[in-house]
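So this block is my_file34.csv, CSV, C-alpha atoms:
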chain,number,residue,atom,x,y,z
A,1064,MET,CA,-22.0,-40.6,8.0
A,1065,VAL,CA,-19.9,-37.4,7.9
A,1066,GLU,CA,-19.4,-35.7,11.3
A,1067,TYR,CA,-18.1,-32.1,11.8
A,1068,SER,CA,-16.6,-30.9,15.1
A,1069,LYS,CA,-14.9,-27.6,16.1
A,1070,ALA,CA,-11.2,-27.8,16.7
A,1071,THR,CA,-9.1,-25.5,18.9
A,1072,VAL,CA,-7.0,-22.9,17.0
A,1073,THR,CA,-3.5,-22.4,18.2
A,1074,GLU,CA,-2.3,-20.1,15.4
A,1075,PRO,CA,-3.3,-16.4,15.7
A,1076,GLY,CA,-5.6,-15.2,12.9
A,1077,PHE,CA,-7.6,-12.2,11.9
A,1078,GLU,CA,-10.8,-11.5,10.0
A,1079,THR,CA,-13.0,-8.4,9.5
A,1080,SER,CA,-16.8,-8.5,9.9
A,1081,ASP,CA,-19.0,-6.1,8.1
A,1082,ARG,CA,-21.1,-5.7,11.2
A,1083,MET,CA,-18.3,-4.4,13.3
A,1084,GLN,CA,-18.5,-0.7,14.1
A,1085,ASP,CA,-15.3,-0.3,16.1
A,1086,TRP,CA,-11.7,-1.1,15.3
A,1087,ARG,CA,-11.3,-2.7,18.7
A,1088,GLN,CA,-13.5,-5.5,17.6
A,1089,ALA,CA,-11.5,-6.3,14.5
A,1090,ILE,CA,-9.6,-9.3,15.7
A,1091,GLN,CA,-11.4,-12.7,15.7
A,1092,ILE,CA,-10.3,-16.3,15.8
A,1093,PRO,CA,-11.6,-18.3,12.8
A,1094,THR,CA,-13.3,-21.6,13.4
A,1095,ALA,CA,-11.7,-24.7,12.0
A,1096,TYR,CA,-13.5,-28.0,11.1
A,1097,ARG,CA,-12.5,-31.7,11.1
A,1098,ILE,CA,-14.2,-34.4,9.0
A,1099,GLY,CA,-14.6,-37.7,10.8
A,1100,ASN,CA,-13.9,-41.1,9.2
A,1101,SER,CA,-16.7,-42.9,7.4
A,1102,THR,CA,-16.8,-46.3,5.8
A,1103,VAL,CA,-18.9,-47.4,2.8
A,1104,ARG,CA,-19.5,-51.1,2.2
A,1105,LEU,CA,-20.5,-52.3,-1.3
A,1106,GLN,CA,-21.3,-55.7,-2.7
A,1107,TYR,CA,-18.6,-56.8,-5.2
A,1108,GLN,CA,-21.0,-58.7,-7.4
A,1109,PHE,CA,-23.5,-55.9,-7.6
A,1110,VAL,CA,-20.8,-53.4,-8.7
A,1111,MET,CA,-19.4,-55.7,-11.4
A,1112,GLY,CA,-22.9,-56.3,-12.8
A,1113,VAL,CA,-23.7,-52.6,-13.0
A,1114,LEU,CA,-20.3,-52.0,-14.8
A,1115,ALA,CA,-21.0,-54.7,-17.3
A,1116,VAL,CA,-24.4,-53.4,-18.2
A,1117,GLY,CA,-23.0,-49.9,-18.6
A,1118,VAL,CA,-20.2,-51.0,-21.0
A,1119,ILE,CA,-22.7,-52.9,-23.2
A,1120,ALA,CA,-25.0,-49.9,-23.4
A,1121,LEU,CA,-22.2,-47.6,-24.3
A,1122,VAL,CA,-20.9,-49.8,-27.1
A,1123,MET,CA,-24.4,-50.1,-28.7
A,1124,PHE,CA,-25.0,-46.3,-28.5
A,1125,TYR,CA,-21.5,-45.6,-30.1
A,1126,ASN,CA,-22.1,-47.9,-33.0
A,1127,SER,CA,-25.5,-46.6,-33.7
A,1128,PHE,CA,-24.4,-42.9,-33.6
A,1129,SER,CA,-21.3,-43.3,-35.8
A,1130,HIS,CA,-23.1,-45.3,-38.5
A,1131,ASN,CA,-25.8,-42.6,-38.9
A,1132,LYS,CA,-23.4,-39.7,-39.5
A,1133,PRO,CA,-21.5,-38.8,-42.6
A,1134,HIS,CA,-17.9,-40.0,-42.5
A,1135,SER,CA,-16.4,-36.5,-43.1
A,1136,THR,CA,-18.3,-35.0,-40.2
A,1137,TYR,CA,-17.3,-37.8,-37.9
A,1138,MET,CA,-13.6,-37.3,-38.8
A,1139,LEU,CA,-13.8,-33.5,-38.2
A,1140,GLU,CA,-15.3,-34.0,-34.8
A,1141,LYS,CA,-12.5,-36.4,-33.9
A,1142,ARG,CA,-9.8,-33.9,-35.0
A,1143,ILE,CA,-11.2,-30.9,-33.0
A,1144,PRO,CA,-11.2,-31.3,-29.3
A,1145,PRO,CA,-14.5,-30.2,-27.8
A,1146,SER,CA,-12.8,-27.9,-25.3
A,1147,TYR,CA,-11.7,-25.6,-28.1
A,1148,ASP,CA,-14.3,-22.9,-28.8
A,1149,SER,CA,-12.5,-20.8,-31.4
A,1150,ASP,CA,-11.7,-21.1,-35.1
A,1151,HIS,CA,-8.1,-20.4,-34.2
A,1152,PHE,CA,-7.8,-23.2,-31.6
A,1153,HIS,CA,-7.4,-20.7,-28.7
A,1154,ASN,CA,-8.3,-22.2,-25.4
A,1155,HIS,CA,-10.0,-19.3,-23.5
A,1156,ASN,CA,-10.4,-21.3,-20.4
A,1157,LEU,CA,-6.7,-21.3,-19.5
A,1158,PRO,CA,-5.9,-19.2,-16.4
A,1159,GLU,CA,-4.2,-15.9,-16.7
A,1160,PRO,CA,-0.4,-16.0,-16.4
A,1161,ARG,CA,0.9,-15.3,-12.9
A,1162,SER,CA,2.6,-12.1,-14.0
A,1163,ASN,CA,-0.8,-10.5,-15.0
A,1164,SER,CA,-2.4,-11.1,-11.6
A,1165,TYR,CA,-2.3,-8.6,-8.7
A,1166,ASN,CA,-0.7,-9.7,-5.4
A,1167,SER,CA,-2.9,-8.1,-2.7
A,1168,THR,CA,-1.0,-9.6,0.3
A,1169,TYR,CA,-1.0,-7.0,3.1
A,1170,PRO,CA,0.7,-6.7,5.4
A,1171,LEU,CA,3.6,-8.9,4.2
A,1172,SER,CA,3.8,-10.8,7.5
A,1173,THR,CA,1.0,-12.2,9.6
A,1174,PRO,CA,0.0,-10.1,12.7
A,1175,VAL,CA,0.4,-12.1,16.0
A,1176,ARG,CA,-1.3,-11.9,19.3
A,1177,THR,CA,0.9,-11.3,22.3
A,1178,GLU,CA,0.6,-10.3,25.9
A,1179,LYS,CA,1.2,-6.7,24.8
A,1180,GLY,CA,-1.5,-6.8,22.2
A,1181,VAL,CA,-1.6,-7.6,18.5
A,1182,ARG,CA,1.9,-7.3,17.1
A,1183,TYR,CA,2.5,-5.8,13.6
A,1184,LYS,CA,5.9,-5.7,11.9
A,1185,ILE,CA,6.8,-2.2,10.7
A,1186,ALA,CA,9.6,-0.5,8.8
A,1187,ILE,CA,10.7,3.1,8.5
A,1188,ILE,CA,13.0,4.6,5.9
A,1189,SER,CA,15.4,7.6,6.0
A,1190,ASP,CA,15.8,10.6,3.9
A,1191,LEU,CA,19.4,11.7,4.7
A,1192,ASP,CA,19.4,14.6,2.2
A,1193,MET,CA,22.9,15.6,1.3
A,1194,ASN,CA,24.3,13.2,4.0
A,1195,SER,CA,23.2,10.3,1.9
A,1196,LYS,CA,26.4,10.3,-0.2
A,1197,LYS,CA,29.0,7.8,1.0
A,1198,ASP,CA,32.1,7.6,-1.2
A,1199,ASP,CA,30.9,6.7,-4.7
A,1200,GLU,CA,27.4,5.5,-3.6
A,1201,TRP,CA,24.3,6.9,-2.0
A,1202,ILE,CA,22.6,5.3,1.0
A,1203,SER,CA,19.4,5.2,3.0
A,1204,TYR,CA,18.7,3.5,6.4
A,1205,LEU,CA,15.9,1.1,7.0
A,1206,LYS,CA,14.8,0.5,10.6
A,1207,THR,CA,12.4,-2.3,11.6
A,1208,GLY,CA,10.3,-2.9,14.7
A,1209,SER,CA,7.0,-4.0,16.1
A,1210,LEU,CA,3.8,-2.1,16.8
A,1211,PHE,CA,1.6,-3.5,19.5
A,1212,VAL,CA,-2.2,-2.6,19.5
A,1213,ASP,CA,-3.8,-3.4,22.9
A,1214,VAL,CA,-7.5,-3.3,22.2
A,1215,GLU,CA,-8.5,-4.0,25.8
A,1216,ASN,CA,-6.6,-1.0,27.2
A,1217,ASN,CA,-7.1,1.2,24.2
A,1218,LYS,CA,-3.4,1.9,23.7
A,1219,VAL,CA,-0.5,1.4,21.2
A,1220,SER,CA,3.1,0.7,22.1
A,1221,LEU,CA,6.3,0.2,20.1
A,1222,GLU,CA,9.5,-1.8,20.2
A,1223,TRP,CA,12.3,-1.4,17.7
A,1224,ASP,CA,14.4,-4.3,16.7
A,1225,LYS,CA,17.9,-4.4,18.3
A,1226,ASP,CA,19.6,-5.2,15.1
A,1227,GLU,CA,21.6,-2.4,13.5
A,1228,LEU,CA,20.0,-0.2,10.8
A,1229,ILE,CA,19.8,-1.8,7.4
A,1230,THR,CA,21.9,0.2,4.9
A,1231,LEU,CA,20.4,0.3,1.4
A,1232,LYS,CA,22.8,1.4,-1.4
A,1233,SER,CA,22.5,2.8,-4.9
A,1234,SER,CA,24.7,4.3,-7.6
A,1235,LEU,CA,21.9,6.4,-9.1
A,1236,ALA,CA,21.9,10.1,-8.5
A,1237,GLN,CA,20.9,13.4,-10.0
A,1238,GLY,CA,22.8,16.6,-9.4
A,1239,GLY,CA,25.2,14.7,-7.1
A,1240,ARG,CA,22.3,13.6,-4.8
A,1241,GLY,CA,20.3,10.4,-4.6
A,1242,MET,CA,18.7,7.6,-2.4
A,1243,GLU,CA,16.8,10.2,-0.5
A,1244,LEU,CA,13.9,7.9,0.3
A,1245,SER,CA,10.8,9.7,1.5
A,1246,GLU,CA,8.1,7.0,1.5
A,1247,LEU,CA,7.5,3.2,1.9
A,1248,VAL,CA,4.5,1.4,0.4
A,1249,VAL,CA,3.6,-2.3,-0.2
A,1250,PHE,CA,2.3,-2.6,-3.8
A,1251,ASN,CA,1.6,-5.8,-5.7
A,1252,GLY,CA,3.4,-7.9,-3.0
A,1253,ALA,CA,6.6,-5.8,-3.0
A,1254,LEU,CA,8.0,-3.2,-0.6
A,1255,LEU,CA,8.7,0.0,-2.5
A,1256,GLY,CA,10.9,3.0,-1.6
A,1257,PHE,CA,10.6,6.4,-3.3
A,1258,ASP,CA,13.6,8.7,-4.0
A,1259,ASP,CA,12.5,12.3,-3.8
A,1260,ARG,CA,15.7,13.5,-5.6
A,1261,THR,CA,16.0,11.3,-8.7
A,1262,GLY,CA,12.3,10.1,-9.0
A,1263,THR,CA,13.4,6.5,-8.8
A,1264,ILE,CA,11.1,3.9,-7.2
A,1265,TYR,CA,13.1,1.1,-5.7
A,1266,GLN,CA,12.0,-2.4,-4.8
A,1267,ILE,CA,13.3,-3.3,-1.4
A,1268,ASP,CA,14.2,-6.9,-0.2
A,1269,VAL,CA,14.5,-6.6,3.6
A,1270,ALA,CA,15.9,-10.1,4.0
A,1271,SER,CA,18.8,-9.6,1.6
A,1272,LYS,CA,19.2,-5.9,2.5
A,1273,PHE,CA,19.1,-4.9,-1.1
A,1274,ALA,CA,17.2,-2.3,-3.2
A,1275,PHE,CA,17.0,-2.2,-7.0
A,1276,PRO,CA,15.4,0.4,-9.3
A,1277,TRP,CA,11.9,-0.5,-10.7
A,1278,VAL,CA,10.4,2.7,-12.2
A,1279,LEU,CA,11.7,6.2,-12.9
A,1280,LEU,CA,9.3,9.1,-12.4
A,1281,VAL,CA,10.0,12.5,-14.0
A,1282,ASP,CA,8.6,15.8,-12.9
A,1283,GLY,CA,5.3,17.5,-13.8
A,1284,HIS,CA,3.7,16.5,-17.0
A,1285,GLY,CA,6.5,14.0,-17.8
A,1286,ARG,CA,8.3,15.9,-20.5
A,1287,VAL,CA,11.0,17.4,-18.4
A,1288,ALA,CA,14.6,16.4,-17.5
A,1289,LYS,CA,14.1,16.6,-13.7
A,1290,GLY,CA,13.2,13.7,-11.5
A,1291,PHE,CA,9.8,13.8,-9.7
A,1292,LYS,CA,10.0,14.8,-6.1
A,1293,SER,CA,8.0,11.9,-4.7
A,1294,GLU,CA,6.7,12.6,-1.2
A,1295,TRP,CA,3.7,10.4,-0.7
A,1296,ALA,CA,2.3,7.2,-2.2
A,1297,THR,CA,-0.7,5.0,-1.7
A,1298,VAL,CA,-2.6,2.1,-3.4
A,1299,LYS,CA,-6.1,2.6,-4.9
A,1300,ASP,CA,-7.9,0.0,-6.8
A,1301,GLN,CA,-4.7,-2.0,-7.6
A,1302,THR,CA,-3.0,1.1,-8.9
A,1303,LEU,CA,-0.2,3.0,-7.2
A,1304,TYR,CA,-0.6,6.7,-6.7
A,1305,VAL,CA,2.5,8.9,-6.1
A,1306,GLY,CA,2.3,12.5,-5.2
A,1307,GLY,CA,4.7,15.4,-4.7
A,1308,LEU,CA,4.6,18.4,-2.4
A,1309,GLY,CA,1.2,19.5,-3.7
A,1310,LYS,CA,2.5,23.1,-3.4
A,1311,ALA,CA,3.4,25.2,-6.5
A,1312,TRP,CA,7.2,25.3,-7.0
A,1313,THR,CA,8.5,28.7,-5.9
A,1314,THR,CA,11.8,30.5,-5.4
A,1315,PRO,CA,13.2,30.5,-1.8
A,1316,THR,CA,11.3,33.8,-1.3
A,1317,GLY,CA,8.0,32.6,-2.6
A,1318,GLU,CA,7.9,33.7,-6.3
A,1319,LEU,CA,5.9,31.2,-8.5
A,1320,VAL,CA,8.1,29.1,-10.9
A,1321,ASN,CA,5.7,26.2,-12.0
A,1322,TYR,CA,3.0,23.8,-10.9
A,1323,HIS,CA,5.0,20.6,-11.5
A,1324,PRO,CA,4.8,19.4,-7.8
A,1325,GLN,CA,1.0,19.5,-8.2
A,1326,TYR,CA,1.0,16.6,-10.7
A,1327,ILE,CA,0.5,13.0,-9.4
A,1328,LYS,CA,1.6,9.8,-11.0
A,1329,LYS,CA,-0.6,6.7,-11.5
A,1330,ILE,CA,1.4,3.5,-12.0
A,1331,SER,CA,0.1,0.1,-13.0
A,1332,PRO,CA,1.4,-3.2,-11.5
A,1333,THR,CA,3.5,-3.6,-14.6
A,1334,GLY,CA,5.0,-0.2,-14.4
A,1335,GLU,CA,3.1,2.0,-16.9
A,1336,VAL,CA,3.0,5.6,-15.7
A,1337,SER,CA,0.3,8.3,-16.2
A,1338,HIS,CA,0.8,11.9,-15.3
A,1339,ILE,CA,-2.3,13.6,-13.8
A,1340,ASP,CA,-2.7,17.3,-13.1
A,1341,TRP,CA,-4.1,17.7,-9.5
A,1342,HIS,CA,-3.6,21.5,-9.4
A,1343,THR,CA,-7.3,22.2,-8.8
A,1344,ARG,CA,-7.6,19.4,-6.2
A,1345,TYR,CA,-4.7,20.7,-4.2
A,1346,GLU,CA,-6.3,24.2,-4.3
A,1347,LYS,CA,-9.6,22.7,-3.0
A,1348,LEU,CA,-7.7,21.2,0.0
A,1349,ALA,CA,-6.1,24.5,0.8
A,1350,LYS,CA,-9.4,26.4,0.4
A,1351,ALA,CA,-11.0,24.1,3.0
A,1352,VAL,CA,-8.8,25.8,5.7
A,1353,ASP,CA,-9.0,29.2,4.1
A,1354,ILE,CA,-5.6,29.2,2.4
A,1355,SER,CA,-4.9,30.5,-1.1
A,1356,PHE,CA,-1.8,31.5,-3.0
A,1357,PRO,CA,0.7,32.8,-2.0
A,1358,GLY,CA,-0.2,30.8,1.1
A,1359,TYR,CA,0.4,27.1,0.9
A,1360,ILE,CA,0.1,23.6,2.3
A,1361,ILE,CA,3.0,21.1,1.9
A,1362,HIS,CA,1.9,17.5,1.5
A,1363,GLU,CA,4.2,14.7,2.4
A,1364,SER,CA,1.8,12.0,3.4
A,1365,ALA,CA,-1.5,10.8,2.0
A,1366,SER,CA,-3.5,7.5,1.8
A,1367,TRP,CA,-6.6,6.3,0.1
A,1368,SER,CA,-9.1,4.4,2.2
A,1369,SER,CA,-11.0,1.8,0.4
A,1370,VAL,CA,-13.2,1.4,3.5
A,1371,HIS,CA,-14.3,5.0,3.7
A,1372,ARG,CA,-13.8,5.6,0.0
A,1373,ARG,CA,-12.0,8.9,0.8
A,1374,TRP,CA,-8.6,10.4,0.5
A,1375,PHE,CA,-6.8,11.2,3.8
A,1376,PHE,CA,-4.0,13.8,4.0
A,1377,LEU,CA,-1.7,14.7,6.9
A,1378,PRO,CA,0.3,17.7,5.7
A,1379,ARG,CA,3.8,18.6,6.7
A,1380,ARG,CA,3.4,22.4,6.8
A,1381,GLU,CA,0.7,25.0,6.4
A,1382,SER,CA,0.8,28.8,6.1
A,1383,LYS,CA,-1.4,31.6,5.0
A,1384,ASP,CA,1.7,33.7,4.3
A,1385,ARG,CA,4.1,33.6,1.4
A,1386,TYR,CA,6.7,30.8,1.3
A,1387,ASP,CA,10.0,31.7,3.0
A,1388,GLU,CA,12.7,29.0,3.2
A,1389,LYS,CA,13.8,29.9,6.8
A,1390,LEU,CA,10.4,30.6,8.3
A,1391,ASP,CA,9.0,27.4,6.7
A,1392,GLU,CA,10.9,25.3,9.2
A,1393,SER,CA,8.5,26.4,12.0
A,1394,ARG,CA,5.3,26.1,10.1
A,1395,GLY,CA,4.5,22.5,11.1
A,1396,THR,CA,0.8,21.5,11.4
A,1397,ASN,CA,-1.5,19.1,13.1
A,1398,LEU,CA,-4.0,19.2,10.3
A,1399,MET,CA,-5.9,16.2,8.8
A,1400,LEU,CA,-7.8,16.6,5.6
A,1401,THR,CA,-10.2,14.1,4.0
A,1402,ALA,CA,-11.9,14.2,0.6
A,1403,ASP,CA,-14.3,12.1,-1.3
A,1404,GLU,CA,-13.2,10.5,-4.6
A,1405,GLU,CA,-14.0,13.7,-6.7
A,1406,PHE,CA,-12.8,16.2,-4.0
A,1407,GLY,CA,-16.3,17.6,-3.8
A,1408,ASP,CA,-16.7,17.0,-0.1
A,1409,ILE,CA,-13.6,18.0,2.0
A,1410,LYS,CA,-13.4,18.0,5.8
A,1411,ALA,CA,-10.7,19.2,8.1
A,1412,LYS,CA,-9.8,18.1,11.7
A,1413,ARG,CA,-6.9,18.9,14.1
A,1414,ILE,CA,-4.9,16.1,15.7
A,1415,GLY,CA,-3.4,16.9,19.1
A,1416,ASP,CA,-1.4,20.1,19.7
A,1417,ILE,CA,0.8,21.9,17.2
A,1418,SER,CA,4.6,21.5,17.5
A,1419,PRO,CA,5.8,24.3,15.2
A,1420,THR,CA,8.9,22.5,14.0
A,1421,HIS,CA,7.2,19.1,13.7
A,1422,GLY,CA,5.1,18.0,10.6
A,1423,PHE,CA,3.7,14.8,9.3
A,1424,SER,CA,5.9,13.0,6.8
A,1425,SER,CA,4.1,9.6,6.4
A,1426,PHE,CA,1.2,7.5,7.8
A,1427,LYS,CA,-0.6,4.3,7.4
A,1428,PHE,CA,-3.9,2.8,8.5
A,1429,VAL,CA,-3.3,0.0,11.0
A,1430,PRO,CA,-4.5,-3.3,9.3
A,1431,ASN,CA,-7.7,-4.9,10.7
A,1432,THR,CA,-9.0,-1.6,12.2
A,1433,HIS,CA,-11.4,-0.6,9.5
A,1434,ASP,CA,-9.1,2.3,8.6
A,1435,LYS,CA,-9.9,4.0,11.9
A,1436,LEU,CA,-6.5,3.7,13.5
A,1437,ILE,CA,-3.5,5.5,12.1
A,1438,VAL,CA,0.3,5.3,12.9
A,1439,ALA,CA,2.2,8.3,11.7
A,1440,LEU,CA,5.7,9.8,11.4
A,1441,LYS,CA,6.5,13.4,12.1
A,1442,SER,CA,9.8,15.0,10.9
A,1443,GLU,CA,11.8,17.9,12.2
A,1444,GLU,CA,14.3,20.0,10.3
A,1445,ASN,CA,15.3,23.0,12.4
A,1446,GLN,CA,18.5,25.1,12.1
A,1447,GLY,CA,20.4,22.2,10.5
A,1448,LYS,CA,19.2,19.6,13.0
A,1449,THR,CA,16.9,16.7,12.1
A,1450,ALA,CA,14.8,14.3,14.2
A,1451,SER,CA,11.9,12.0,13.8
A,1452,TYR,CA,8.8,11.1,15.9
A,1453,ILE,CA,6.2,8.4,15.8
A,1454,MET,CA,2.6,8.6,17.1
A,1455,ALA,CA,-0.8,6.8,16.8
A,1456,PHE,CA,-4.3,8.1,16.9
A,1457,ASP,CA,-7.8,7.3,15.6
A,1458,ILE,CA,-9.5,9.2,12.9
A,1459,ASP,CA,-11.7,11.0,15.5
A,1460,GLY,CA,-8.5,12.6,16.9
A,1461,THR,CA,-8.0,10.4,20.0
A,1462,ILE,CA,-4.3,9.9,20.6
A,1463,LEU,CA,-3.3,6.3,21.6
A,1464,LEU,CA,0.5,6.8,21.3
A,1465,PRO,CA,1.8,10.4,21.9
A,1466,GLU,CA,4.6,11.8,19.8
A,1467,THR,CA,7.7,9.6,20.7
A,1468,LYS,CA,11.2,10.5,19.5
A,1469,ILE,CA,12.9,7.8,17.5
A,1470,ASP,CA,16.5,7.2,18.6
A,1471,GLY,CA,19.2,9.0,16.6
A,1472,ASP,CA,19.1,12.2,14.6
A,1473,PHE,CA,18.0,10.7,11.3
A,1474,LYS,CA,15.1,12.0,9.4
A,1475,PHE,CA,12.7,9.1,8.8
A,1476,GLU,CA,10.1,10.0,6.2
A,1477,GLY,CA,8.4,6.7,5.3
A,1478,ILE,CA,6.5,4.0,7.3
A,1479,GLU,CA,4.9,0.8,6.3
A,1480,PHE,CA,3.6,-2.5,7.7
A,1481,ILE,CA,5.8,-5.4,6.4
Starting from the file, give its structure as structure tokens.
Amino acid sequence: MVEYSKATVTEPGFETSDRMQDWRQAIQIPTAYRIGNSTVRLQYQFVMGVLAVGVIALVMFYNSFSHNKPHSTYMLEKRIPPSYDSDHFHNHNLPEPRSNSYNSTYPLSTPVRTEKGVRYKIAIISDLDMNSKKDDEWISYLKTGSLFVDVENNKVSLEWDKDELITLKSSLAQGGRGMELSELVVFNGALLGFDDRTGTIYQIDVASKFAFPWVLLVDGHGRVAKGFKSEWATVKDQTLYVGGLGKAWTTPTGELVNYHPQYIKKISPTGEVSHIDWHTRYEKLAKAVDISFPGYIIHESASWSSVHRRWFFLPRRESKDRYDEKLDESRGTNLMLTADEEFGDIKAKRIGDISPTHGFSSFKFVPNTHDKLIVALKSEENQGKTASYIMAFDIDGTILLPETKIDGDFKFEGIEFI
């Protein structure tokens, strides 16, 4: 007899139920089972008798079958193993090689329950602009910490790791600048950083404090010499999407130059790149808040939600007036835009109050919250000074963690769960 009994679970775990309507209900403890011992007693003589009869019957059937078939057919059947179903001896039942499978692990480390709430490991990445050059190399800083989601008290808190910033180095540059990492994304089991100067996508190994180039993106339609100014990235249907500013490229005083920043890149898990013109899609997003050229919206953060089947955008800047390099520093926005897959249905919402010099630079949905809870970075560049802020809110606009300044004067422009 087989017995099943529930066992106490001491390890924290998470699972999402289709019936849950609120992100606060997202965390559950899975049930474990134990199979009890059972003993089967068999008569030795009975077993031996059954085996003997079976062997005799098998021998008689084999002799009868082989004598009734032509010799050539029998030899052919012996030569071709029955598991082969092709004239070319290809075994189609073999599993796909590991390199062809997609690694959907996310986040990279398991969330843990604590007294402060559910703890998620996070990382943020810096874009130091022209300060990234150190001697003959270019650097970016990676900072790690923990995000705590307290579902009972409906709040979010944060603790940064006490270790020093992780310094990532590269020798790749364009025009004397490089390693200006503006986004972090986990894709196919790897943590990626995106250089908005050279267009290089780096794979980042946090444990070894090392980054190496994976893919090089070029601007616009892909037939130019300039690297793509990557600003946001997200994963949709096991494909990596990377976008630029979403604003037509203009002179410092707003004259149109080209539409290259309104292309996006689709990248497969093996690194194949497609260049897609999103000019009309970006125009639709601007039109949703009554903006048209020479007015503009600058996009530095976007995510695809597989739960809602919608695109989410938290822009950095917005203006109904012509672009001006100096005035642009105080055109921060609190705007959130969402669009269906074909950009036929676009909705706009405001998140909190506007801080004119603060604008969104990156955000992610908190895992296990049905894509209803967001953690976001805001960046500030004002009269030569830079700063970064972090906040959390739900998609209805309720703020759970107000804007909180991150220590130091670095501009962090990418955030991810690791």
**Study point:** Residue contacts of Asp1259 of chain A (7 Å, only C-alpha atoms) excluding same-chain residues fewer than 2 positions away, as a list in words
**Key:**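 Selected residues are Glu1243, Leu1244, Ser1245, Phe1257, Thr1261, Gly1262, Phe1291, Lys1292, Ser1293 and Glu1294 of chain A.
The gap separating atom CA of Ile1417 of chain A from atom CA of Gly1395 of chain A is 7.2 Å, in Å to one decimal.
You can rank A:Trp1367, A:Phe1428, A:Tyr1322, A:Phe1406 by their closest distance to Val1305 of chain A using all atoms listed in the file, and at the top of that list sits A:Trp1367.
With atom CA of Glu1363 of chain A on one side and atom CA of Ile1339 of chain A on the other, the separation reads 17.5 Å.
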Exercise for review: Name the closest residue to Leu1464 of chain A among the candidates A:Ala1186, A:Val1212, A:Leu1171, A:Val1269; distances are taken between atoms, counting all atoms listed in the file.
Suggested key: A:Val1212
**Study point:** Pairwise distance for atom CA of Val1320 of chain A and atom CA of Pro1378 of chain A, rounded to one decimal in Å
**Key:**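 Computing the Euclidean distance for atom CA of Val1320 of chain A and atom CA of Pro1378 of chain A yields 21.6 Å.
If you count all atoms listed in the file and ignore residues fewer than 2 places along the chain from segment 1333-1336 of chain A, what sits within 8 Å of it is Trp1277, Val1278, Leu1280, Lys1328, Lys1329, Ile1330, Ser1331 and His1338 of chain A.
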Point to revise | Selected residue, from A:Ala1311, A:Leu1279, A:Ile1354, A:Ala1274, that lies nearest to Asp1340 of chain A when counting only C-alpha atoms | key: A:Ala1311
Practice item. Considering all atoms listed in the file, state which residue in the set A:Trp1223, A:Trp1295, A:Tyr1386, A:Phe1475 is at the smallest distance from Ser1442 of chain A. Key: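 Closest to Ser1442 of chain A, using all atoms listed in the file: A:Phe1475.
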Exercise for review: Find, counting all atoms listed in the file, the residue in A:Gly1422, A:Pro1332, A:Gly1447, A:Gly1283 that gets nearest to Asn1166 of chain A.
Suggested key: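 Checking each candidate against Asn1166 of chain A, we get A:Pro1332 as the closest.
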Practice item. Choose the residue, out of A:Asp1224, A:Asp1391, A:Glu1405, A:Asp1258, that has the smallest atom-to-atom separation from Ser1195 of chain A; count all atoms listed in the file. Key: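 Between A:Asp1224, A:Asp1391, A:Glu1405, A:Asp1258, the residue approaching Ser1195 of chain A most closely is A:Asp1258.
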Point to revise | Residues within 10 Å of (23.9, 4.5, -2.7), counting only C-alpha atoms, listed as number ranges by chain | key: A: 1195-1203, 1230-1236, 1240-1243, 1274
When you look at segment 1217-1221 of chain A with a cut-off of 8 Å (counting all atoms listed in the file), what residues show up, excluding the ones that are within fewer than 6 positions of it in the same chain? I need them as a PDB file with C-alpha atoms, in the frame of the given file.
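Result went into selection.pdb, see below:
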ATOM      1  CA  ARG A1087     -11.300  -2.700  18.700  1.00  0.00           C
ATOM      2  CA  GLY A1208      10.300  -2.900  14.700  1.00  0.00           C
ATOM      3  CA  SER A1209       7.000  -4.000  16.100  1.00  0.00           C
ATOM      4  CA  LEU A1210       3.800  -2.100  16.800  1.00  0.00           C
ATOM      5  CA  PHE A1211       1.600  -3.500  19.500  1.00  0.00           C
ATOM      6  CA  ALA A1455      -0.800   6.800  16.800  1.00  0.00           C
ATOM      7  CA  LEU A1463      -3.300   6.300  21.600  1.00  0.00           C
ATOM      8  CA  LEU A1464       0.500   6.800  21.300  1.00  0.00           C
TER       9      LEU A1464
END
Check your understanding: Could you pull the residues within 9 Å of segment 1380-1384 of chain A, counting all atoms listed in the file, minus those fewer than 6 positions along the same chain, as a VMD selection string?
Key -> chain A and resid 1349 1353 to 1363 1391 to 1398 1419 1421 to 1423
